[in-house]
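Coordinates as given in final_16.cif (mmCIF, C-alpha atoms and all ligand atoms):
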data_upload
#
loop_
_atom_site.label_atom_id
_atom_site.label_comp_id
_atom_site.auth_asym_id
_atom_site.auth_seq_id
_atom_site.Cartn_x
_atom_site.Cartn_y
_atom_site.Cartn_z
CA MET A 247 -46.65 -38.38 31.02
CA GLN A 248 -46.78 -41.07 33.66
CA ARG A 249 -49.94 -43.18 34.03
CA GLU A 250 -50.58 -41.96 37.60
CA GLN A 251 -50.19 -38.31 36.61
CA LEU A 252 -52.51 -38.79 33.66
CA LYS A 253 -55.07 -40.39 35.99
CA GLN A 254 -54.82 -37.39 38.33
CA TYR A 255 -55.37 -35.02 35.42
CA LEU A 256 -58.40 -36.94 34.23
CA GLU A 257 -59.90 -36.92 37.75
CA PHE A 258 -59.17 -33.21 38.05
CA TYR A 259 -60.91 -32.49 34.74
CA ARG A 260 -63.84 -34.70 35.64
CA ASP A 261 -64.25 -32.67 38.86
CA LEU A 262 -64.22 -29.52 36.75
CA GLY A 263 -67.19 -31.00 34.89
CA ILE A 264 -65.13 -31.61 31.73
CA ASP A 265 -65.83 -34.98 30.24
CA GLU A 266 -64.20 -34.35 26.90
CA LEU A 267 -60.82 -32.85 26.03
CA ARG A 268 -60.93 -30.73 22.90
CA LEU A 269 -58.21 -29.22 20.79
CA PRO A 270 -57.46 -25.60 21.64
CA SER A 271 -59.79 -23.21 19.80
CA PRO A 272 -58.09 -21.31 16.99
CA SER A 273 -58.75 -17.91 18.63
CA PRO A 274 -57.89 -17.28 22.28
CA ILE A 275 -60.60 -15.77 24.52
CA VAL A 276 -58.66 -12.59 25.17
CA ALA A 277 -57.74 -12.03 21.55
CA GLU A 278 -54.47 -10.55 20.44
CA PRO A 279 -54.77 -7.79 17.79
CA PRO A 280 -54.58 -9.31 14.29
CA PRO A 281 -51.20 -9.05 12.54
CA PRO A 282 -50.93 -6.23 9.91
CA PRO A 283 -51.79 -7.38 6.36
CA ALA A 284 -48.83 -8.58 4.35
CA PRO A 285 -47.60 -6.11 1.69
CA PRO A 286 -48.75 -6.99 -1.84
CA VAL A 287 -46.26 -9.07 -3.77
CA SER A 288 -46.09 -8.24 -7.47
CA GLU A 289 -44.01 -11.12 -8.75
CA PRO A 290 -43.29 -14.39 -7.01
CA ALA A 291 -39.58 -14.31 -6.16
CA MET A 292 -39.39 -18.11 -6.37
CA PRO A 293 -41.33 -20.66 -8.36
CA PRO A 294 -44.21 -22.15 -6.37
CA ARG A 295 -43.06 -24.87 -4.03
CA ALA A 296 -44.52 -28.31 -3.55
CA ALA A 297 -47.25 -28.50 -0.88
CA ALA A 298 -45.93 -27.97 2.66
CA THR A 299 -45.58 -30.99 4.92
CA PRO A 300 -48.99 -31.63 6.46
CA LYS A 301 -49.37 -30.60 10.12
CA PRO A 302 -49.82 -33.44 12.62
CA ALA A 303 -53.53 -34.19 13.07
CA ILE A 304 -53.39 -33.82 16.84
CA ALA A 305 -52.30 -30.47 18.25
CA PRO A 306 -50.92 -30.47 21.81
CA VAL A 307 -53.51 -29.81 24.50
CA THR A 308 -52.46 -27.30 27.16
CA LEU A 309 -53.36 -28.86 30.49
CA ILE A 310 -54.51 -26.80 33.45
CA PRO A 311 -51.91 -27.47 36.18
CA LEU A 312 -52.85 -29.69 39.08
CA ALA A 313 -52.84 -28.16 42.55
CA PRO A 314 -49.19 -27.78 43.59
CA GLU A 315 -48.00 -29.52 46.75
CA ASN A 316 -48.34 -27.44 49.92
CA ASP A 317 -50.60 -25.01 48.11
CA THR A 318 -51.81 -22.08 50.20
CA LEU A 319 -54.52 -19.47 49.73
CA LEU A 320 -51.78 -16.88 49.37
CA THR A 321 -50.08 -18.79 46.54
CA ILE A 322 -53.42 -19.31 44.82
CA GLN A 323 -54.20 -15.60 45.03
CA GLN A 324 -50.72 -14.78 43.70
CA ASP A 325 -51.25 -17.22 40.82
CA ILE A 326 -54.54 -15.54 39.97
CA GLY A 327 -52.65 -12.24 39.89
CA ASP A 328 -54.19 -9.61 37.63
CA CYS A 329 -56.06 -12.38 35.82
CA LYS A 330 -56.87 -12.01 32.12
CA ARG A 331 -57.62 -15.67 31.49
CA CYS A 332 -61.22 -15.08 30.43
CA ARG A 333 -63.54 -12.34 29.17
CA LEU A 334 -64.83 -11.53 32.67
CA CYS A 335 -61.64 -9.53 33.27
CA HIS A 336 -62.91 -6.79 30.95
CA GLY A 337 -65.82 -5.69 33.15
CA ARG A 338 -64.51 -6.25 36.64
CA ASN A 339 -63.27 -3.70 39.13
CA LYS A 340 -61.89 -6.09 41.73
CA ILE A 341 -61.15 -9.79 41.77
CA VAL A 342 -63.16 -11.35 44.59
CA PHE A 343 -60.98 -14.13 45.92
CA GLY A 344 -62.77 -15.15 49.13
CA SER A 345 -62.92 -14.22 52.79
CA GLY A 346 -63.20 -15.68 56.25
CA ASN A 347 -61.34 -18.22 58.32
CA GLU A 348 -58.65 -19.81 56.18
CA GLN A 349 -58.74 -22.96 58.33
CA ALA A 350 -62.53 -23.13 58.43
CA PRO A 351 -64.13 -26.55 58.68
CA LEU A 352 -66.98 -25.19 56.55
CA VAL A 353 -66.77 -23.42 53.16
CA PHE A 354 -69.69 -21.74 51.39
CA VAL A 355 -69.43 -21.51 47.61
CA GLY A 356 -71.54 -19.00 45.70
CA GLU A 357 -71.78 -18.26 41.99
CA GLY A 358 -69.87 -15.06 41.34
CA PRO A 359 -69.53 -11.49 42.58
CA GLY A 360 -72.33 -8.97 42.13
CA ALA A 361 -71.98 -5.18 41.97
CA ASP A 362 -71.24 -4.67 45.69
CA GLU A 363 -68.73 -7.50 45.79
CA ASP A 364 -67.03 -6.20 42.63
CA ALA A 365 -66.71 -2.75 44.21
CA GLN A 366 -65.37 -4.00 47.55
CA GLY A 367 -63.41 -7.08 46.48
CA LEU A 368 -65.21 -9.20 49.09
CA PRO A 369 -67.74 -11.99 48.60
CA PHE A 370 -71.37 -11.76 49.72
CA VAL A 371 -71.43 -8.20 51.00
CA GLY A 372 -74.56 -7.03 49.13
CA ARG A 373 -78.20 -7.85 49.92
CA ALA A 374 -77.77 -11.57 49.29
CA GLY A 375 -74.68 -11.46 51.47
CA GLN A 376 -76.54 -9.82 54.31
CA LEU A 377 -79.12 -12.58 54.13
CA LEU A 378 -76.36 -15.20 54.12
CA THR A 379 -74.83 -13.60 57.22
CA GLN A 380 -78.23 -13.65 58.96
CA MET A 381 -78.72 -17.27 57.97
CA ILE A 382 -75.33 -18.37 59.31
CA ASP A 383 -75.36 -16.28 62.49
CA GLY A 384 -79.07 -16.81 63.15
CA THR A 385 -79.16 -20.57 62.57
CA ALA A 386 -75.96 -21.16 64.54
CA GLY A 387 -77.29 -19.00 67.40
CA LYS A 388 -80.66 -20.80 67.54
CA GLU A 389 -78.98 -24.20 67.40
CA GLY A 390 -76.51 -23.35 70.16
CA ILE A 391 -73.50 -23.60 67.83
CA PRO A 392 -70.95 -20.95 68.81
CA ILE A 393 -69.92 -19.69 65.38
CA LYS A 394 -70.47 -16.60 63.27
CA ARG A 395 -69.93 -15.78 59.62
CA GLN A 396 -66.26 -14.88 60.15
CA ASP A 397 -65.60 -18.45 61.37
CA VAL A 398 -66.44 -20.01 58.01
CA TYR A 399 -64.82 -19.37 54.61
CA ILE A 400 -66.82 -17.91 51.73
CA CYS A 401 -65.88 -17.81 48.05
CA ASN A 402 -67.37 -18.12 44.57
CA VAL A 403 -67.03 -20.27 41.48
CA VAL A 404 -65.93 -17.26 39.37
CA LYS A 405 -63.89 -14.50 40.92
CA CYS A 406 -64.91 -11.67 38.58
CA ARG A 407 -68.36 -10.18 38.21
CA PRO A 408 -70.22 -11.40 35.12
CA PRO A 409 -71.77 -8.52 33.15
CA GLU A 410 -75.33 -7.71 34.28
CA ASN A 411 -74.91 -10.49 36.86
CA ARG A 412 -75.51 -13.11 34.20
CA THR A 413 -74.81 -16.77 34.95
CA PRO A 414 -71.13 -17.64 34.29
CA GLU A 415 -70.50 -19.39 30.98
CA PRO A 416 -69.12 -22.97 31.01
CA ASP A 417 -65.66 -21.84 29.82
CA GLU A 418 -65.50 -19.15 32.53
CA MET A 419 -66.41 -21.78 35.15
CA GLU A 420 -63.83 -24.14 33.71
CA ILE A 421 -61.03 -21.56 33.83
CA CYS A 422 -61.85 -20.14 37.28
CA GLY A 423 -62.91 -23.53 38.67
CA GLN A 424 -59.25 -24.57 38.95
CA PHE A 425 -58.74 -21.81 41.54
CA LEU A 426 -61.87 -22.74 43.47
CA PHE A 427 -60.68 -26.34 43.59
CA ARG A 428 -57.25 -25.27 44.78
CA GLN A 429 -58.88 -23.16 47.49
CA LEU A 430 -60.90 -26.14 48.66
CA LEU A 431 -57.89 -28.45 48.58
CA ALA A 432 -55.83 -25.93 50.55
CA ILE A 433 -58.53 -25.36 53.20
CA LYS A 434 -59.62 -29.03 53.39
CA PRO A 435 -62.96 -28.25 55.09
CA LYS A 436 -65.07 -30.90 56.78
CA ALA A 437 -68.00 -29.89 54.56
CA ILE A 438 -68.90 -27.55 51.71
CA CYS A 439 -72.20 -25.77 51.26
CA ALA A 440 -72.97 -25.05 47.59
CA LEU A 441 -75.22 -22.02 47.23
CA GLY A 442 -77.33 -22.38 44.10
CA SER A 443 -77.11 -24.34 40.90
CA THR A 444 -73.89 -22.82 39.51
CA ALA A 445 -71.93 -23.87 42.60
CA ALA A 446 -73.62 -27.29 42.52
CA LYS A 447 -72.74 -27.72 38.86
CA ALA A 448 -69.12 -26.68 39.39
CA LEU A 449 -68.65 -29.04 42.32
CA LEU A 450 -70.79 -32.01 41.37
CA GLY A 451 -70.69 -31.76 37.58
CA THR A 452 -74.46 -32.20 37.48
CA LYS A 453 -77.14 -30.44 35.49
CA ASP A 454 -79.76 -31.23 38.16
CA GLY A 455 -81.37 -28.24 39.79
CA VAL A 456 -81.22 -27.20 43.43
CA MET A 457 -84.73 -28.53 44.18
CA LYS A 458 -83.57 -32.02 43.30
CA LEU A 459 -80.13 -31.81 44.94
CA ARG A 460 -80.83 -29.94 48.17
CA GLY A 461 -81.19 -31.50 51.60
CA LYS A 462 -79.00 -34.51 50.81
CA TRP A 463 -75.27 -35.07 51.09
CA HIS A 464 -73.17 -35.30 47.95
CA LYS A 465 -69.38 -35.42 47.58
CA TRP A 466 -66.67 -33.35 45.97
CA ARG A 467 -63.56 -35.53 46.12
CA ASP A 468 -64.02 -36.94 49.64
CA ILE A 469 -65.61 -33.84 51.11
CA PRO A 470 -69.37 -33.89 51.88
CA VAL A 471 -71.30 -31.25 49.96
CA MET A 472 -74.72 -29.87 50.87
CA VAL A 473 -76.52 -28.00 48.11
CA THR A 474 -79.02 -25.34 49.04
CA TYR A 475 -80.74 -22.35 47.47
CA HIS A 476 -78.73 -19.27 46.59
CA PRO A 477 -79.58 -16.38 48.98
CA SER A 478 -80.53 -14.16 45.97
CA TYR A 479 -83.27 -16.65 45.15
CA LEU A 480 -84.50 -16.50 48.73
CA LEU A 481 -84.78 -12.71 48.54
CA ARG A 482 -87.68 -13.01 46.09
CA PRO A 483 -90.91 -12.73 48.10
CA TYR A 484 -92.61 -15.73 46.47
CA ASN A 485 -89.88 -18.13 47.58
CA GLN A 486 -90.74 -18.30 51.26
CA ASN A 487 -91.00 -22.07 51.20
CA ALA A 488 -87.48 -22.29 49.83
CA LYS A 489 -86.35 -20.08 52.70
CA ARG A 490 -87.64 -22.61 55.21
CA GLU A 491 -85.93 -25.42 53.31
CA SER A 492 -82.66 -23.48 53.23
CA TRP A 493 -82.75 -23.05 56.98
CA GLU A 494 -83.24 -26.83 57.32
CA ASP A 495 -80.26 -27.48 55.01
CA LEU A 496 -78.09 -25.08 56.94
CA LYS A 497 -79.03 -26.68 60.26
CA LYS A 498 -77.94 -30.05 58.88
CA VAL A 499 -74.61 -28.63 57.70
CA LEU A 500 -73.86 -26.79 60.94
CA HIS A 501 -74.64 -29.81 63.13
CA PHE A 502 -72.59 -32.10 60.89
CA VAL A 503 -69.58 -29.80 61.00
CA TYR A 504 -69.65 -28.45 64.56
CA ASP A 505 -71.33 -31.12 66.78
N1 LIG B 601 -73.79 -13.79 44.80
C1 LIG B 601 -72.80 -14.69 44.74
O1 LIG B 601 -72.97 -15.78 44.22
N2 LIG B 601 -71.64 -14.38 45.27
C2 LIG B 601 -71.41 -13.22 45.86
O2 LIG B 601 -70.31 -13.01 46.32
C3 LIG B 601 -72.47 -12.30 45.92
C4 LIG B 601 -73.64 -12.60 45.37
#

Final structure tokens representation of the file:
Amino acid sequence: MQREQLKQYLEFYRDLGIDELRLPSPSPIVAEPPPPPAPPVSEPAMPPRAAATPKPAIAPVTLIPLAPENDTLLTIQQDIGDCKRCRLCHGRNKIVFGSGNEQAPLVFVGEGPGADEDAQGLPFVGRAGQLLTQMIDGTAGKEGIPIKRQDVYICNVVKCRPPENRTPEPDEMEICGQFLFRQLLAIKPKAICALGSTAAKALLGTKDGVMKLRGKWHKWRDIPVMVTYHPSYLLRPYNQNAKRESWEDLKKVLHFVYD
């Protein structure tokens, strides 16, 4: 592999939050059925042989492909196909790829589909989604910015619903993160708004929480990223202060992108 290509891979993996390359695990995530047991052998047909040649210490690492040139949302969706790359495939009904304006200057990234999204195949269509729509439409309206939800693009870190809406596991984020990154590279928005800590972690590779990250600009590649609270968090009645802060964050993002 050429030096430049290796550098690109390492940057790509760093963006995925991977700072260490490990050997492939002995059992794949979506396990194949075990082979049938070998029939019993009564007598060895041949005398025992000398010990087999030792395996090389370093097994080849399968690299996640870099974003292809001239990648499009359509190609990315085709590449996802009927995805069985991780365990989330077992419980999903529909893969939730993303929706909205494919040339949007602003992309919102959530965590992963919930029950409503899994049923409809569209992101943020449940209660949290309704709040997100109100936040986008309402804030833009009040600030005199002529956009609505359909003018931005919305997607998630993982495209399949985690069971019981649990937080996606690191390996699930790692596997699905490649598609999120390809989506962002294909859209090339002027800014990204990360909704909640899972999106922040996927994009910024940080373990810091939203309280620490919100309200300030960060970067994914060269694209400015604003982190704010996830709308599900804002639906809890005791988080009214966070709601105010989220509105402030959104105002900043909208003015930055559309002024
Ligand atoms: N929560 C998310 O993070 N994404 C959705 O699409 C819906 C709820």

query = Could you list, as a ChimeraX atom specification, all the residues within 9 Å of ligand LIG 601 (chain B), counting only C-alpha atoms and all ligand atoms?
reply = /A:342,344,355-364,368-375,400-405,407,411,441-442,444-445,476-478

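A straight line drawn from atom CA of Ala386 of chain A to atom CA of Lys465 of chain A is 23.1 Å long.
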
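Take atom CA of Gly387 of chain A and atom CA of His501 of chain A: the distance between them is 11.9 Å.
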
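Taking atom CA of Gln254 of chain A as the reference point, atom CA of Leu312 of chain A is found at 8.0 Å.
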
message = Just want the 9 Å neighbourhood of segment 479-482 of chain A, counted on all atoms listed in the file, with same-chain residues fewer than 4 positions away dropped. Output as a list of chain:residue names.
response = A:Arg373, A:Ala374, A:Leu377, A:Gly442, A:Tyr475, A:Gln486, A:Asn487, A:Ala488, A:Lys489, A:Ser492

task = Could you give me, as a list in words, the residues within 9 Å of Gly337 of chain A, counting only C-alpha atoms and dropping anything in the same chain fewer than 6 positions from it?
result = Cys406, Arg407, Pro408 and Pro409 of chain A

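With only C-alpha atoms as the atoms that count, the minimum distance from Thr474 of chain A to the choices A:Arg460, A:Arg333, A:Lys253, A:Arg490 is reached by A:Arg460.
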
task = Write out as JSON, numbers by chain which residues come within 10 Å of Lys434 of chain A when counting all atoms listed in the file, dropping same-chain ones fewer than 5 positions away.
result = {"A": [348, 349, 350, 351, 352, 353, 428, 429, 468, 469]}

ask   = Residues at most 8 Å from Ile382 of chain A, counting all atoms listed in the file, excluding those fewer than 4 positions away in the same chain, as a list in words?
value = Leu378, Ala386, Lys394, Arg395 and Leu496 of chain A

For those residues, write C-alpha atoms to a file as an mmCIF file, keeping the file's coordinate frame.
data_model
loop_
_atom_site.group_PDB
_atom_site.id
_atom_site.type_symbol
_atom_site.label_atom_id
_atom_site.label_comp_id
_atom_site.auth_asym_id
_atom_site.auth_seq_id
_atom_site.Cartn_x
_atom_site.Cartn_y
_atom_site.Cartn_z
ATOM 1 C CA LEU A 378 -76.360 -15.200 54.120
ATOM 2 C CA ALA A 386 -75.960 -21.160 64.540
ATOM 3 C CA LYS A 394 -70.470 -16.600 63.270
ATOM 4 C CA ARG A 395 -69.930 -15.780 59.620
ATOM 5 C CA LEU A 496 -78.090 -25.080 56.940
#

query = A:Pro392, A:Gly327, A:Lys447, A:Gln251: which is nearest Val503 of chain A, counting only C-alpha atoms?
reply = A:Pro392

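In terms of minimum interatomic distance to Trp493 of chain A, A:Val473 ranks closest within A:Val473, A:Leu252, A:Ile322, A:Leu459, counting all atoms listed in the file.
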